[in-house]
Amino acid sequence: MSRVVDHSASREWVDNAVRLIDADAQRSADTHLLRYPLPAAWGVQLYLKDESTHITGSLKHRLARSLFLYAICNGWITENTTVIEASSGSTAVSEAYFARLLGLKFVAVMPRSTSPAKVALIESHGGRCHFVDDPAAMYTEAHRLAAEPDSHYMDQFTHAERATDWRGNNNIAESIFEQMTREESPIPTWVVVGAGTGGTSATIGRYIRYRRHATRLAVVDPENSAFIGGYDTGDAGFSTGKPSRIEGIGRPIVEPSFVGQVIDRMIAVPDAASVAAARHASTVLGRRVGGSTGTNIWGAFGLISDMIADGRGGSVVTLLCDGGERYAGTYFDDDWVAGQGMDLTGPTAALEGFARTGKLSRQND
């Protein structure tokens, strides 16, 4: 006698879950591409892809959407699943939003030292925060919680690069190049991004190659991050054992989603330069931007400085990852900066010099 095992009853929930996520995206306009003011005489244009305008306020909104669709379509998330993530930052905020959209429970595993402001943001979207005393234990604890029945660990650092459709489908790369089509230099000379999971750099790097654009991809990396060391040595197990102070980018180990082979150049950026650049750009733009945006800006300014010195025109695109309001107590707090042992004097002077001359002094890079 033949035996039939049928799980098709769950398909109705899956169909509706995908519809809800697609409908949410349809209600949202694409993020803006801002032109950063540079002197026309330089012959170089700088653009910022403003990811802070997502409903959850950061670049991680795209990642969370992709992770949920990936997990749902793989059958890992169903109507009764509790979603687990190891994150104390913007990814947890965005994933909490999508979990609530689908009527699912969401738990963010995070260090007990996480700021009350971040905890409040996650909880405002219906998420629950699960604290660990040792930050290094976040991932083990997330795996433990996910071993419970009807639970799934999202694991952003493993799945980020494979969850995004890098060939198109309105990913961030396709959006950038579409928005650039009517600009003076529509094919950027450089796109500059940081790496947290590595998913964004993998998506953009693959897309550039797939579309055969002449654009080069530069990835900026903060202090203590293992990505640039892994890129330089080719060692996927490279580790610094130290956390990044620039939230959202930099990791103590090379994460599985980091695809160094699609990156043309990596640039180490001192944390003081990231913070100084975030403050500098905030003044120019008339709105606060986060520390990872400062890292991007510093890297973009360096590349623009090189282009000007070589007499080459063109365009550079980077990301405005999130707003600076989340960092009022850190990057925009002089006492916090001093407590971290950062001296912003040199980087601030270099940024002011760049604004006047188009030359960025990077002796401390």
# chains A, B, ... in the order shown; residues from 1 in each chain; ligands from 1

call {"tool": "residues_around", "arguments": {"residues": "Asp15 in chain A", "least_positions_apart": "3", "cutoff": "12 Å", "atoms": "only C-alpha atoms", "output": "PDB file with N, CA, C and O atoms, in the first residue's frame"}}
result
ATOM      1  N   SER A   8       1.032  20.140   2.526  1.00  0.00           N
ATOM      2  CA  SER A   8       0.596  21.258   1.686  1.00  0.00           C
ATOM      3  C   SER A   8      -0.337  22.232   2.392  1.00  0.00           C
ATOM      4  O   SER A   8      -0.563  23.338   1.908  1.00  0.00           O
ATOM      5  N   ALA A   9      -0.871  21.832   3.552  1.00  0.00           N
ATOM      6  CA  ALA A   9      -1.797  22.731   4.256  1.00  0.00           C
ATOM      7  C   ALA A   9      -1.143  24.047   4.636  1.00  0.00           C
ATOM      8  O   ALA A   9      -1.808  25.078   4.767  1.00  0.00           O
ATOM      9  N   SER A  10       0.195  24.034   4.799  1.00  0.00           N
ATOM     10  CA  SER A  10       0.897  25.260   5.209  1.00  0.00           C
ATOM     11  C   SER A  10       1.053  26.252   4.069  1.00  0.00           C
ATOM     12  O   SER A  10       1.400  27.419   4.299  1.00  0.00           O
ATOM     13  N   ARG A  11       0.796  25.817   2.838  1.00  0.00           N
ATOM     14  CA  ARG A  11       1.017  26.688   1.689  1.00  0.00           C
ATOM     15  C   ARG A  11       0.143  27.936   1.718  1.00  0.00           C
ATOM     16  O   ARG A  11       0.555  29.001   1.245  1.00  0.00           O
ATOM     17  N   GLU A  12      -1.047  27.828   2.244  1.00  0.00           N
ATOM     18  CA  GLU A  12      -1.928  28.994   2.295  1.00  0.00           C
ATOM     19  C   GLU A  12      -1.300  30.097   3.146  1.00  0.00           C
ATOM     20  O   GLU A  12      -1.323  31.270   2.772  1.00  0.00           O
ATOM     21  N   VAL A  18       4.060  35.890   2.009  1.00  0.00           N
ATOM     22  CA  VAL A  18       4.799  36.535   0.916  1.00  0.00           C
ATOM     23  C   VAL A  18       4.007  37.727   0.388  1.00  0.00           C
ATOM     24  O   VAL A  18       4.571  38.792   0.087  1.00  0.00           O
ATOM     25  N   ARG A  19       2.696  37.570   0.292  1.00  0.00           N
ATOM     26  CA  ARG A  19       1.857  38.685  -0.165  1.00  0.00           C
ATOM     27  C   ARG A  19       1.974  39.878   0.775  1.00  0.00           C
ATOM     28  O   ARG A  19       2.096  41.033   0.327  1.00  0.00           O
ATOM     29  N   LEU A  20       1.955  39.632   2.084  1.00  0.00           N
ATOM     30  CA  LEU A  20       2.054  40.721   3.056  1.00  0.00           C
ATOM     31  C   LEU A  20       3.386  41.463   2.934  1.00  0.00           C
ATOM     32  O   LEU A  20       3.427  42.698   3.001  1.00  0.00           O
ATOM     33  N   ILE A  21       4.468  40.722   2.750  1.00  0.00           N
ATOM     34  CA  ILE A  21       5.779  41.354   2.621  1.00  0.00           C
ATOM     35  C   ILE A  21       5.861  42.136   1.314  1.00  0.00           C
ATOM     36  O   ILE A  21       6.381  43.267   1.277  1.00  0.00           O
ATOM     37  N   ASP A  22       5.357  41.560   0.226  1.00  0.00           N
ATOM     38  CA  ASP A  22       5.353  42.273  -1.049  1.00  0.00           C
ATOM     39  C   ASP A  22       4.473  43.514  -0.993  1.00  0.00           C
ATOM     40  O   ASP A  22       4.815  44.567  -1.561  1.00  0.00           O
ATOM     41  N   LEU A  69      11.809  36.521   3.503  1.00  0.00           N
ATOM     42  CA  LEU A  69      11.350  35.846   2.291  1.00  0.00           C
ATOM     43  C   LEU A  69      12.128  34.553   2.055  1.00  0.00           C
ATOM     44  O   LEU A  69      11.551  33.517   1.683  1.00  0.00           O
ATOM     45  N   ILE A  72      10.953  31.942   4.681  1.00  0.00           N
ATOM     46  CA  ILE A  72       9.580  31.492   4.408  1.00  0.00           C
ATOM     47  C   ILE A  72       9.545  30.564   3.202  1.00  0.00           C
ATOM     48  O   ILE A  72       8.944  29.489   3.234  1.00  0.00           O
ATOM     49  N   CYS A  73      10.209  30.980   2.125  1.00  0.00           N
ATOM     50  CA  CYS A  73      10.174  30.185   0.892  1.00  0.00           C
ATOM     51  C   CYS A  73      10.981  28.899   1.020  1.00  0.00           C
ATOM     52  O   CYS A  73      10.760  27.950   0.261  1.00  0.00           O
ATOM     53  N   GLY A  75      10.716  27.184   3.739  1.00  0.00           N
ATOM     54  CA  GLY A  75       9.928  26.385   4.667  1.00  0.00           C
ATOM     55  C   GLY A  75      10.430  26.403   6.093  1.00  0.00           C
ATOM     56  O   GLY A  75       9.982  25.610   6.934  1.00  0.00           O
ATOM     57  N   THR A  78       7.060  29.182   9.543  1.00  0.00           N
ATOM     58  CA  THR A  78       5.646  28.908   9.299  1.00  0.00           C
ATOM     59  C   THR A  78       4.819  29.792  10.225  1.00  0.00           C
ATOM     60  O   THR A  78       5.356  30.637  10.958  1.00  0.00           O
ATOM     61  N   GLU A  79       3.514  29.575  10.225  1.00  0.00           N
ATOM     62  CA  GLU A  79       2.627  30.470  10.968  1.00  0.00           C
ATOM     63  C   GLU A  79       2.813  30.414  12.480  1.00  0.00           C
ATOM     64  O   GLU A  79       2.382  31.321  13.194  1.00  0.00           O
ATOM     65  N   LEU A 102       3.773  39.740  10.176  1.00  0.00           N
ATOM     66  CA  LEU A 102       3.304  38.391   9.888  1.00  0.00           C
ATOM     67  C   LEU A 102       2.638  37.725  11.087  1.00  0.00           C
ATOM     68  O   LEU A 102       2.227  36.553  11.003  1.00  0.00           O
TER      69      LEU A 102
END

call {"tool": "residues_around", "arguments": {"residues": "range 142-150 of chain A", "least_positions_apart": "2", "cutoff": "10 Å", "atoms": "only C-alpha atoms", "output": "JSON, numbers by chain"}}
result
{"A": [76, 77, 78, 79, 80, 81, 82, 83, 84, 85, 86, 87, 107, 108, 109, 110, 130, 137, 138, 139, 140, 152, 153, 154, 155]}

call {"tool": "write_last_selection", "arguments": {"atoms": "N, CA and C atoms", "output": "PDB file, in the first residue's frame"}}
result
ATOM      1  N   TRP A  76      11.355  27.313   6.408  1.00  0.00           N
ATOM      2  CA  TRP A  76      11.905  27.370   7.761  1.00  0.00           C
ATOM      3  C   TRP A  76      11.001  28.144   8.720  1.00  0.00           C
ATOM      4  N   ILE A  77      10.237  29.076   8.179  1.00  0.00           N
ATOM      5  CA  ILE A  77       9.305  29.870   8.987  1.00  0.00           C
ATOM      6  C   ILE A  77       7.889  29.521   8.558  1.00  0.00           C
ATOM      7  N   THR A  78       7.060  29.182   9.543  1.00  0.00           N
ATOM      8  CA  THR A  78       5.646  28.908   9.299  1.00  0.00           C
ATOM      9  C   THR A  78       4.819  29.792  10.225  1.00  0.00           C
ATOM     10  N   GLU A  79       3.514  29.575  10.225  1.00  0.00           N
ATOM     11  CA  GLU A  79       2.627  30.470  10.968  1.00  0.00           C
ATOM     12  C   GLU A  79       2.813  30.414  12.480  1.00  0.00           C
ATOM     13  N   ASN A  80       3.481  29.381  12.998  1.00  0.00           N
ATOM     14  CA  ASN A  80       3.661  29.252  14.445  1.00  0.00           C
ATOM     15  C   ASN A  80       5.111  29.440  14.883  1.00  0.00           C
ATOM     16  N   THR A  81       5.951  29.880  13.978  1.00  0.00           N
ATOM     17  CA  THR A  81       7.386  29.971  14.270  1.00  0.00           C
ATOM     18  C   THR A  81       7.722  31.179  15.142  1.00  0.00           C
ATOM     19  N   THR A  82       8.568  30.948  16.131  1.00  0.00           N
ATOM     20  CA  THR A  82       9.205  32.039  16.863  1.00  0.00           C
ATOM     21  C   THR A  82      10.540  32.329  16.183  1.00  0.00           C
ATOM     22  N   VAL A  83      10.733  33.550  15.754  1.00  0.00           N
ATOM     23  CA  VAL A  83      11.936  33.930  15.015  1.00  0.00           C
ATOM     24  C   VAL A  83      12.990  34.442  15.996  1.00  0.00           C
ATOM     25  N   ILE A  84      14.190  33.896  15.886  1.00  0.00           N
ATOM     26  CA  ILE A  84      15.308  34.252  16.773  1.00  0.00           C
ATOM     27  C   ILE A  84      16.395  34.923  15.947  1.00  0.00           C
ATOM     28  N   GLU A  85      17.005  35.976  16.489  1.00  0.00           N
ATOM     29  CA  GLU A  85      18.170  36.588  15.844  1.00  0.00           C
ATOM     30  C   GLU A  85      19.164  37.019  16.907  1.00  0.00           C
ATOM     31  N   ALA A  86      20.446  36.931  16.577  1.00  0.00           N
ATOM     32  CA  ALA A  86      21.506  37.455  17.433  1.00  0.00           C
ATOM     33  C   ALA A  86      21.857  38.846  16.930  1.00  0.00           C
ATOM     34  N   SER A  87      21.331  39.859  17.573  1.00  0.00           N
ATOM     35  CA  SER A  87      21.560  41.242  17.135  1.00  0.00           C
ATOM     36  C   SER A  87      21.076  42.200  18.199  1.00  0.00           C
ATOM     37  N   VAL A 107      12.430  37.209  18.932  1.00  0.00           N
ATOM     38  CA  VAL A 107      13.331  37.339  20.075  1.00  0.00           C
ATOM     39  C   VAL A 107      14.703  37.764  19.574  1.00  0.00           C
ATOM     40  N   ALA A 108      15.220  38.868  20.098  1.00  0.00           N
ATOM     41  CA  ALA A 108      16.565  39.340  19.770  1.00  0.00           C
ATOM     42  C   ALA A 108      17.495  38.994  20.925  1.00  0.00           C
ATOM     43  N   VAL A 109      18.521  38.214  20.644  1.00  0.00           N
ATOM     44  CA  VAL A 109      19.525  37.867  21.650  1.00  0.00           C
ATOM     45  C   VAL A 109      20.613  38.928  21.595  1.00  0.00           C
ATOM     46  N   MET A 110      20.919  39.532  22.737  1.00  0.00           N
ATOM     47  CA  MET A 110      21.832  40.679  22.749  1.00  0.00           C
ATOM     48  C   MET A 110      22.578  40.783  24.071  1.00  0.00           C
ATOM     49  N   HIS A 130      16.322  39.247  24.703  1.00  0.00           N
ATOM     50  CA  HIS A 130      16.859  38.190  25.563  1.00  0.00           C
ATOM     51  C   HIS A 130      18.336  38.504  25.797  1.00  0.00           C
ATOM     52  N   ALA A 137      28.683  35.120  23.702  1.00  0.00           N
ATOM     53  CA  ALA A 137      27.748  34.009  23.877  1.00  0.00           C
ATOM     54  C   ALA A 137      26.437  34.211  23.129  1.00  0.00           C
ATOM     55  N   MET A 138      26.293  35.338  22.433  1.00  0.00           N
ATOM     56  CA  MET A 138      25.039  35.637  21.735  1.00  0.00           C
ATOM     57  C   MET A 138      24.640  34.530  20.766  1.00  0.00           C
ATOM     58  N   TYR A 139      25.588  34.058  19.988  1.00  0.00           N
ATOM     59  CA  TYR A 139      25.286  33.132  18.903  1.00  0.00           C
ATOM     60  C   TYR A 139      24.965  31.738  19.436  1.00  0.00           C
ATOM     61  N   THR A 140      25.703  31.316  20.449  1.00  0.00           N
ATOM     62  CA  THR A 140      25.410  30.035  21.082  1.00  0.00           C
ATOM     63  C   THR A 140      24.033  30.053  21.719  1.00  0.00           C
ATOM     64  N   HIS A 152      13.069  29.330  14.879  1.00  0.00           N
ATOM     65  CA  HIS A 152      14.033  29.397  13.778  1.00  0.00           C
ATOM     66  C   HIS A 152      15.017  30.531  14.033  1.00  0.00           C
ATOM     67  N   TYR A 153      16.311  30.206  13.931  1.00  0.00           N
ATOM     68  CA  TYR A 153      17.385  31.195  14.061  1.00  0.00           C
ATOM     69  C   TYR A 153      17.679  31.774  12.687  1.00  0.00           C
ATOM     70  N   MET A 154      17.420  33.060  12.498  1.00  0.00           N
ATOM     71  CA  MET A 154      17.632  33.714  11.206  1.00  0.00           C
ATOM     72  C   MET A 154      19.093  33.664  10.759  1.00  0.00           C
ATOM     73  N   ASP A 155      20.027  33.900  11.683  1.00  0.00           N
ATOM     74  CA  ASP A 155      21.460  33.839  11.408  1.00  0.00           C
ATOM     75  C   ASP A 155      21.849  34.741  10.235  1.00  0.00           C
TER      76      ASP A 155
END

call {"tool": "residues_around", "arguments": {"residues": "range 194-205 of chain A", "least_positions_apart": "3", "cutoff": "9 Å", "atoms": "only C-alpha atoms", "output": "PDB file with C-alpha atoms, in the first residue's frame"}}
result
ATOM      1  CA  LEU A  63      18.236  42.648   4.696  1.00  0.00           C
ATOM      2  CA  GLN A 156      21.971  37.014   9.394  1.00  0.00           C
ATOM      3  CA  PHE A 157      25.732  36.529   9.180  1.00  0.00           C
ATOM      4  CA  THR A 158      25.390  33.219   7.353  1.00  0.00           C
ATOM      5  CA  HIS A 159      22.379  33.907   5.153  1.00  0.00           C
ATOM      6  CA  ALA A 160      22.736  37.571   4.169  1.00  0.00           C
ATOM      7  CA  GLU A 161      24.591  37.062   0.874  1.00  0.00           C
ATOM      8  CA  ARG A 162      22.414  34.192  -0.342  1.00  0.00           C
ATOM      9  CA  ALA A 163      19.044  35.656   0.684  1.00  0.00           C
ATOM     10  CA  THR A 164      19.263  38.604  -1.727  1.00  0.00           C
ATOM     11  CA  ASP A 165      18.560  38.227  -5.439  1.00  0.00           C
ATOM     12  CA  TRP A 166      21.735  39.926  -6.687  1.00  0.00           C
ATOM     13  CA  ARG A 167      20.777  39.777 -10.380  1.00  0.00           C
ATOM     14  CA  ASN A 171      17.873  45.043  -4.906  1.00  0.00           C
ATOM     15  CA  ILE A 172      19.972  47.991  -3.747  1.00  0.00           C
ATOM     16  CA  ALA A 173      22.447  47.669  -6.646  1.00  0.00           C
ATOM     17  CA  GLU A 174      19.767  47.723  -9.322  1.00  0.00           C
ATOM     18  CA  VAL A 191      30.606  52.375  -5.173  1.00  0.00           C
ATOM     19  CA  ILE A 208      28.331  45.087 -11.121  1.00  0.00           C
ATOM     20  CA  ARG A 209      29.994  42.049 -12.666  1.00  0.00           C
ATOM     21  CA  TYR A 210      26.731  40.576 -13.939  1.00  0.00           C
ATOM     22  CA  ARG A 216      34.742  49.350  -9.010  1.00  0.00           C
ATOM     23  CA  LEU A 217      33.590  48.305  -5.528  1.00  0.00           C
ATOM     24  CA  ALA A 218      35.425  49.622  -2.462  1.00  0.00           C
ATOM     25  CA  VAL A 219      34.652  48.271   1.003  1.00  0.00           C
ATOM     26  CA  VAL A 220      35.587  50.398   4.008  1.00  0.00           C
ATOM     27  CA  ASP A 221      36.406  48.672   7.292  1.00  0.00           C
ATOM     28  CA  PRO A 222      36.616  50.114  10.827  1.00  0.00           C
ATOM     29  CA  PHE A 227      37.256  41.652   7.059  1.00  0.00           C
ATOM     30  CA  GLU A 247      27.768  50.025  14.790  1.00  0.00           C
ATOM     31  CA  GLY A 248      26.490  48.015  11.838  1.00  0.00           C
ATOM     32  CA  ILE A 249      29.875  47.350  10.220  1.00  0.00           C
ATOM     33  CA  GLY A 250      33.033  45.494  11.126  1.00  0.00           C
ATOM     34  CA  ARG A 251      33.201  42.035  12.711  1.00  0.00           C
ATOM     35  CA  VAL A 254      35.234  36.948   8.750  1.00  0.00           C
ATOM     36  CA  GLU A 255      31.546  36.097   8.455  1.00  0.00           C
ATOM     37  CA  PRO A 256      30.253  33.450   5.995  1.00  0.00           C
ATOM     38  CA  SER A 257      28.364  36.070   3.945  1.00  0.00           C
ATOM     39  CA  PHE A 258      31.511  38.084   3.202  1.00  0.00           C
ATOM     40  CA  VAL A 259      32.540  37.487  -0.441  1.00  0.00           C
ATOM     41  CA  GLY A 260      35.925  39.115  -0.845  1.00  0.00           C
ATOM     42  CA  GLN A 261      36.340  37.957  -4.437  1.00  0.00           C
ATOM     43  CA  VAL A 262      33.821  40.545  -5.722  1.00  0.00           C
ATOM     44  CA  ILE A 263      35.551  43.469  -3.970  1.00  0.00           C
ATOM     45  CA  ASP A 264      38.081  45.571  -5.894  1.00  0.00           C
ATOM     46  CA  SER A 292      28.897  53.744   9.469  1.00  0.00           C
ATOM     47  CA  THR A 293      27.875  56.530   7.093  1.00  0.00           C
ATOM     48  CA  THR A 295      33.094  55.467   7.492  1.00  0.00           C
ATOM     49  CA  ASN A 296      31.598  55.438   3.992  1.00  0.00           C
ATOM     50  CA  LEU A 319      25.312  54.705   1.410  1.00  0.00           C
TER      51      LEU A 319
END

call {"tool": "select_by_dssp", "arguments": {"residues": "range 273-332 of chain A", "states": "strand (DSSP E or B)", "output": "ChimeraX atom specification"}}
result
/A:289,314-320,322-323

call {"tool": "select_by_dssp", "arguments": {"residues": "range 161-309 of chain A", "states": "helix (DSSP H, G or I)", "output": "ChimeraX atom specification"}}
result
/A:161-163,172-179,199-210,227-233,260-262,271-285,291-309

call {"tool": "write_last_selection", "arguments": {"atoms": "C-alpha atoms", "output": "mmCIF file, in the first residue's frame"}}
result
data_model
loop_
_atom_site.group_PDB
_atom_site.id
_atom_site.type_symbol
_atom_site.label_atom_id
_atom_site.label_comp_id
_atom_site.auth_asym_id
_atom_site.auth_seq_id
_atom_site.Cartn_x
_atom_site.Cartn_y
_atom_site.Cartn_z
ATOM 1 C CA GLU A 161 24.591 37.062 0.874
ATOM 2 C CA ARG A 162 22.414 34.192 -0.342
ATOM 3 C CA ALA A 163 19.044 35.656 0.684
ATOM 4 C CA ILE A 172 19.972 47.991 -3.747
ATOM 5 C CA ALA A 173 22.447 47.669 -6.646
ATOM 6 C CA GLU A 174 19.767 47.723 -9.322
ATOM 7 C CA SER A 175 18.144 50.685 -7.587
ATOM 8 C CA ILE A 176 21.388 52.678 -7.510
ATOM 9 C CA PHE A 177 22.167 52.167 -11.186
ATOM 10 C CA GLU A 178 18.587 52.896 -12.234
ATOM 11 C CA GLN A 179 18.568 56.164 -10.259
ATOM 12 C CA GLY A 199 25.540 40.819 2.239
ATOM 13 C CA THR A 200 25.355 44.329 0.770
ATOM 14 C CA SER A 201 28.881 44.271 -0.650
ATOM 15 C CA ALA A 202 28.270 40.796 -2.086
ATOM 16 C CA THR A 203 25.034 41.926 -3.761
ATOM 17 C CA ILE A 204 26.556 45.075 -5.253
ATOM 18 C CA GLY A 205 29.788 43.377 -6.333
ATOM 19 C CA ARG A 206 27.954 40.533 -8.059
ATOM 20 C CA TYR A 207 25.511 42.896 -9.745
ATOM 21 C CA ILE A 208 28.331 45.087 -11.121
ATOM 22 C CA ARG A 209 29.994 42.049 -12.666
ATOM 23 C CA TYR A 210 26.731 40.576 -13.939
ATOM 24 C CA PHE A 227 37.256 41.652 7.059
ATOM 25 C CA ILE A 228 40.232 43.594 5.710
ATOM 26 C CA GLY A 229 42.684 41.117 7.229
ATOM 27 C CA GLY A 230 40.814 38.208 5.686
ATOM 28 C CA TYR A 231 40.712 40.037 2.349
ATOM 29 C CA ASP A 232 44.450 40.760 2.463
ATOM 30 C CA THR A 233 45.542 37.268 3.482
ATOM 31 C CA GLY A 260 35.925 39.115 -0.845
ATOM 32 C CA GLN A 261 36.340 37.957 -4.437
ATOM 33 C CA VAL A 262 33.821 40.545 -5.722
ATOM 34 C CA ASP A 271 37.267 55.058 14.146
ATOM 35 C CA ALA A 272 38.080 58.694 14.909
ATOM 36 C CA ALA A 273 37.877 59.404 11.167
ATOM 37 C CA SER A 274 34.482 57.662 10.963
ATOM 38 C CA VAL A 275 33.080 59.724 13.828
ATOM 39 C CA ALA A 276 34.570 62.976 12.541
ATOM 40 C CA ALA A 277 33.189 62.284 9.054
ATOM 41 C CA ALA A 278 29.727 61.506 10.467
ATOM 42 C CA ARG A 279 29.755 64.857 12.259
ATOM 43 C CA HIS A 280 31.135 66.683 9.219
ATOM 44 C CA ALA A 281 28.537 65.209 6.850
ATOM 45 C CA SER A 282 25.775 65.931 9.361
ATOM 46 C CA THR A 283 26.709 69.616 9.297
ATOM 47 C CA VAL A 284 26.853 69.709 5.487
ATOM 48 C CA LEU A 285 23.572 67.828 5.025
ATOM 49 C CA GLY A 291 28.878 56.289 12.299
ATOM 50 C CA SER A 292 28.897 53.744 9.469
ATOM 51 C CA THR A 293 27.875 56.530 7.093
ATOM 52 C CA GLY A 294 30.888 58.438 8.379
ATOM 53 C CA THR A 295 33.094 55.467 7.492
ATOM 54 C CA ASN A 296 31.598 55.438 3.992
ATOM 55 C CA ILE A 297 32.072 59.192 3.604
ATOM 56 C CA TRP A 298 35.735 59.035 4.656
ATOM 57 C CA GLY A 299 36.403 56.254 2.141
ATOM 58 C CA ALA A 300 34.522 58.098 -0.624
ATOM 59 C CA PHE A 301 36.414 61.336 0.054
ATOM 60 C CA GLY A 302 39.714 59.473 -0.211
ATOM 61 C CA LEU A 303 38.780 58.000 -3.584
ATOM 62 C CA ILE A 304 37.547 61.382 -4.820
ATOM 63 C CA SER A 305 40.823 62.933 -3.685
ATOM 64 C CA ASP A 306 42.691 60.359 -5.782
ATOM 65 C CA MET A 307 40.459 61.000 -8.809
ATOM 66 C CA ILE A 308 41.040 64.743 -8.619
ATOM 67 C CA ALA A 309 44.803 64.263 -8.234
#

call {"tool": "residues_around", "arguments": {"residues": "Asp343 in chain A", "least_positions_apart": "2", "cutoff": "12 Å", "atoms": "only C-alpha atoms", "output": "number ranges by chain"}}
result
A: 270-276, 334-341, 345-349, 364

call {"tool": "atom_distance", "arguments": {"atom1": "CA of Ile253 in chain A", "atom2": "CA of Val269 in chain A"}}
result
17.3 Å

call {"tool": "atom_distance", "arguments": {"atom1": "CA of Trp42 in chain A", "atom2": "CA of Gly314 in chain A"}}
result
9.7 Å

call {"tool": "decode", "arguments": {"residues": "range 47-58 of chain A", "atoms": "N, CA, C and O atoms", "output": "short mmCIF file (atom, residue, chain, number, x, y, z; two decimals), in the first residue's frame"}}
result
data_model
loop_
_atom_site.label_atom_id
_atom_site.label_comp_id
_atom_site.auth_asym_id
_atom_site.auth_seq_id
_atom_site.Cartn_x
_atom_site.Cartn_y
_atom_site.Cartn_z
N TYR A 47 27.23 60.82 -4.54
CA TYR A 47 25.83 60.54 -4.25
C TYR A 47 25.72 59.64 -3.03
O TYR A 47 26.55 58.74 -2.83
N LEU A 48 24.67 59.88 -2.24
CA LEU A 48 24.40 59.06 -1.06
C LEU A 48 23.05 58.37 -1.25
O LEU A 48 22.03 59.03 -1.42
N LYS A 49 23.04 57.05 -1.21
CA LYS A 49 21.80 56.28 -1.24
C LYS A 49 21.24 56.27 0.19
O LYS A 49 21.79 55.65 1.09
N ASP A 50 20.12 57.01 0.38
CA ASP A 50 19.63 57.29 1.73
C ASP A 50 18.74 56.17 2.25
O ASP A 50 17.51 56.20 2.10
N GLU A 51 19.36 55.19 2.90
CA GLU A 51 18.63 54.04 3.43
C GLU A 51 17.92 54.34 4.76
O GLU A 51 17.16 53.51 5.25
N SER A 52 18.15 55.52 5.31
CA SER A 52 17.48 55.88 6.56
C SER A 52 16.00 56.12 6.37
O SER A 52 15.24 56.18 7.35
N THR A 53 15.54 56.25 5.12
CA THR A 53 14.13 56.54 4.87
C THR A 53 13.25 55.29 4.85
O THR A 53 12.04 55.39 4.67
N HIS A 54 13.84 54.11 5.02
CA HIS A 54 13.02 52.91 5.21
C HIS A 54 12.18 53.07 6.48
O HIS A 54 12.57 53.79 7.41
N ILE A 55 11.09 52.36 6.56
CA ILE A 55 10.17 52.51 7.68
C ILE A 55 10.82 52.15 9.02
O ILE A 55 10.45 52.69 10.06
N THR A 56 11.82 51.26 9.01
CA THR A 56 12.53 50.95 10.25
C THR A 56 13.84 51.71 10.36
O THR A 56 14.64 51.47 11.27
N GLY A 57 14.10 52.62 9.43
CA GLY A 57 15.15 53.62 9.63
C GLY A 57 16.56 53.27 9.23
O GLY A 57 17.48 54.03 9.54
N SER A 58 16.76 52.14 8.52
CA SER A 58 18.15 51.81 8.19
C SER A 58 18.23 50.87 6.99
O SER A 58 17.24 50.30 6.54
#
